[in-house]
Amino acid sequence: MADSYATHQATVDTEANAADRLSRLHGAFELHAALLALLLAPGSKRAARAWEIETAATPGVAGLREHAASLSGAARLPWVELLLSRMALQPLAARKDLLQATRRIMAARGAARPIDRLHWLAMRRGLGEIPPLAARAEASAEVAEWLESDVLALAAYTAFLSRMIPDDSDGGEAGAKWYATVMTTWQHFADAPECKPPDAEHMVEALGKLQTMSWMQRPVVVRGWVTAALKHNGGARLGDLAADALRLTCTLLDSPQPPELARHYITLAADATR
C-alpha cells in the first residue's frame with residue numbers, strides 16, 4: 001500500500017512539475033519546441049529524433065520532451081490548446097515555421113496516424129491559417145434540415161473516426177460496430193455505406209461538409225458519437241485516443257463538448273497572457 005501511494009505521489013509530482021514548466025513558456029521558440037513535443041507519437045524513436053533535430057538550435061528547451069511525455073492523457077490536449085493559443089499571438093513567420101516543423105515531425109515515422117491528421121487541422125485552425133466555414137441558415141429556427149449529402153459526409157467522417165473509436169480500435173471490428181451504431185440514427189435520411197475509412201483528401205472533404213451544418217446540428221452529431229462510444233465501452237471511461245479524436249473534432253466543428261467528454265480532461269486556469 002505504501003509503495004503504491006509513493007508511486008502515485010511521484011506521478012502527481014512529476015506532472016505538477018511539467019505543468020509548472022509549461023505554464024512559464026511564452027516565447028516563440030520555446031512554444032515551438034513544447035508544441036512539437038506534445039504532438040510526438042508515444043514511443044516513436046524516429047519522432048523523438050526528429051524533435052531533437054528541429055530543436056537543436058533552440059536554447060532553453062532541455063527537458064521539455066520529458067515534461068510533455070509525463071503528462072497524463074487528461075492533461076496533454078488541454079496544454080496543446082493553451083500553448084497553441086499563445087503561439088497564435090506570435091509573428092506570422094514563427095507560426096509558419098511551426099506548421100512546417102509539425103509536418104516534418106509527423107512524417108518522421110513514415111506514415112501519419114489518424115490522430116496526426118486531426119492535430120494538423122486543429123493547429124492550422126488555431127494559428128489562423130484556415131478560417132472557420134460559415135454555417136448554413138436553417139429554414140426553421142426549431143427544426144434542423146438533414147440533407148442526404150450531410151449524412152453521407154457524416155458516414156465518411158465517422159468511418160475515419162472508427163480508426164480511433166471506441167477504445168483505440170484502430171479500424172477493427174469494434175470500430176465498425178461503433179460506426180454502425182452511430183449511423184443507425186440517420187438511416188431514414190439516407191442509406192449509409194459500409195464502414196470504409198476514407199483517405200486524407202476525402203476525410204477533409206467530409207469534414208468540410210460537416211463544418212457547414214447549422215449550429216443546431218453539430219452538437220447533435222457530436223453527442224451521437226460520444227453516446228455510441230460510451231455504449232460500446234460499457235459506460236466506462238473513454239480511451240485517451242478516442243477522447244482526443246472527439247475533442248479535436250469538436251474544435252474543428254466549433255461545437256461544445258458533451259459533459260461526458262469534457263469530464264475526461266483537466267481544466268486549466270484561464271490564460272492571463274491573452
# chains A, B, ... in the order shown; residues from 1 in each chain; ligands from 1
$ residues_around --residues "stretch 118-131 of chain A" --least-positions-apart "3" --cutoff "8 Å" --atoms "only C-alpha atoms" --output "list in words"
Leu39, Leu84, Ser85, Met87, Ala88, Arg95, Leu99, Thr102, Arg103, Pro114, Ile115, Ala245, Leu248, Thr249, Thr251 and Leu252 of chain A
$ residues_around --residues "A:Leu268" --least-positions-apart "4" --cutoff "12 Å" --atoms "only C-alpha atoms" --output "PyMOL selection string"
chain A and resi 19-20+22-23+74-83+272
$ write_last_selection --atoms "N, CA and C atoms" --output "short mmCIF file (atom, residue, chain, number, x, y, z; two decimals), in the first residue's frame"
data_model
loop_
_atom_site.label_atom_id
_atom_site.label_comp_id
_atom_site.auth_asym_id
_atom_site.auth_seq_id
_atom_site.Cartn_x
_atom_site.Cartn_y
_atom_site.Cartn_z
N ALA A 19 3.63 20.78 -15.57
CA ALA A 19 2.66 21.86 -15.74
C ALA A 19 3.28 23.20 -15.37
N ASP A 20 4.08 23.22 -14.33
CA ASP A 20 4.73 24.47 -13.93
C ASP A 20 5.66 24.97 -15.02
N LEU A 22 5.53 24.24 -18.30
CA LEU A 22 4.76 24.64 -19.48
C LEU A 22 4.05 25.98 -19.27
N SER A 23 3.61 26.22 -18.05
CA SER A 23 2.89 27.47 -17.77
C SER A 23 3.77 28.70 -17.95
N ALA A 74 -5.34 13.01 -19.74
CA ALA A 74 -6.33 14.03 -19.38
C ALA A 74 -5.76 15.44 -19.47
N ALA A 75 -4.44 15.56 -19.51
CA ALA A 75 -3.80 16.88 -19.46
C ALA A 75 -3.18 17.31 -20.78
N ARG A 76 -2.76 16.35 -21.58
CA ARG A 76 -1.95 16.68 -22.76
C ARG A 76 -2.68 17.62 -23.73
N LEU A 77 -3.90 17.28 -24.14
CA LEU A 77 -4.59 18.10 -25.13
C LEU A 77 -4.97 19.48 -24.59
N PRO A 78 -5.42 19.61 -23.33
CA PRO A 78 -5.63 20.97 -22.81
C PRO A 78 -4.38 21.83 -22.86
N TRP A 79 -3.20 21.23 -22.63
CA TRP A 79 -1.97 22.00 -22.72
C TRP A 79 -1.65 22.36 -24.17
N VAL A 80 -1.91 21.45 -25.09
CA VAL A 80 -1.72 21.78 -26.50
C VAL A 80 -2.57 22.99 -26.86
N GLU A 81 -3.81 22.99 -26.45
CA GLU A 81 -4.72 24.08 -26.80
C GLU A 81 -4.27 25.40 -26.18
N LEU A 82 -3.83 25.36 -24.93
CA LEU A 82 -3.41 26.60 -24.29
C LEU A 82 -2.14 27.17 -24.94
N LEU A 83 -1.15 26.31 -25.17
CA LEU A 83 0.09 26.79 -25.78
C LEU A 83 -0.13 27.21 -27.23
N ALA A 272 -3.83 34.10 -18.52
CA ALA A 272 -3.74 35.53 -18.25
C ALA A 272 -2.89 36.27 -19.25
#
$ residues_around --residues "A:Leu161" --least-positions-apart "4" --cutoff "8 Å" --atoms "only C-alpha atoms" --output "compact mmCIF listing (two decimals) with N, CA and C atoms, in the first residue's frame"
# COMPACT_ATOMS: atom_id res chain seq x y z
N TYR A 157 -16.87 10.69 -42.40
CA TYR A 157 -16.06 11.16 -41.28
C TYR A 157 -16.16 10.21 -40.09
N ILE A 165 -11.93 5.10 -32.46
CA ILE A 165 -13.05 4.95 -31.53
C ILE A 165 -13.77 3.65 -31.86
N PRO A 197 -12.97 3.55 -43.92
CA PRO A 197 -12.29 4.82 -43.63
C PRO A 197 -11.75 5.47 -44.89
N ALA A 245 -9.66 12.34 -30.20
CA ALA A 245 -10.25 12.45 -31.53
C ALA A 245 -11.56 13.21 -31.48
$ closest_residue --among "A:Met164, A:Ala107, A:Ala236, A:Leu253" --to "A:Lys209" --atoms "only C-alpha atoms"
A:Leu253
$ atom_distance --atom1 "atom CA of A:Pro259" --atom2 "atom CA of A:Leu25"
29.6 Å
$ atom_distance --atom1 "atom CA of A:Ala156" --atom2 "atom CA of A:Cys195"
8.0 Å
$ atom_distance --atom1 "atom CA of A:Tyr265" --atom2 "atom CA of A:Leu35"
18.0 Å
$ closest_residue --among "A:Met183, A:Ile53, A:Ala176, A:Ala108" --to "A:His232" --atoms "only C-alpha atoms"
A:Ala176
$ select_by_dssp --residues "stretch 51-95 of chain A" --states "alpha helix (DSSP H)" --output "number ranges by chain"
A: 51-55, 64-70, 73-87, 92-95
$ residues_around --residues "A:Ser72" --least-positions-apart "5" --cutoff "10 Å" --atoms "only C-alpha atoms" --output "list of chain:residue names"
A:Thr11, A:Val12, A:Glu15, A:Leu77, A:Asp240, A:Tyr265, A:Ile266
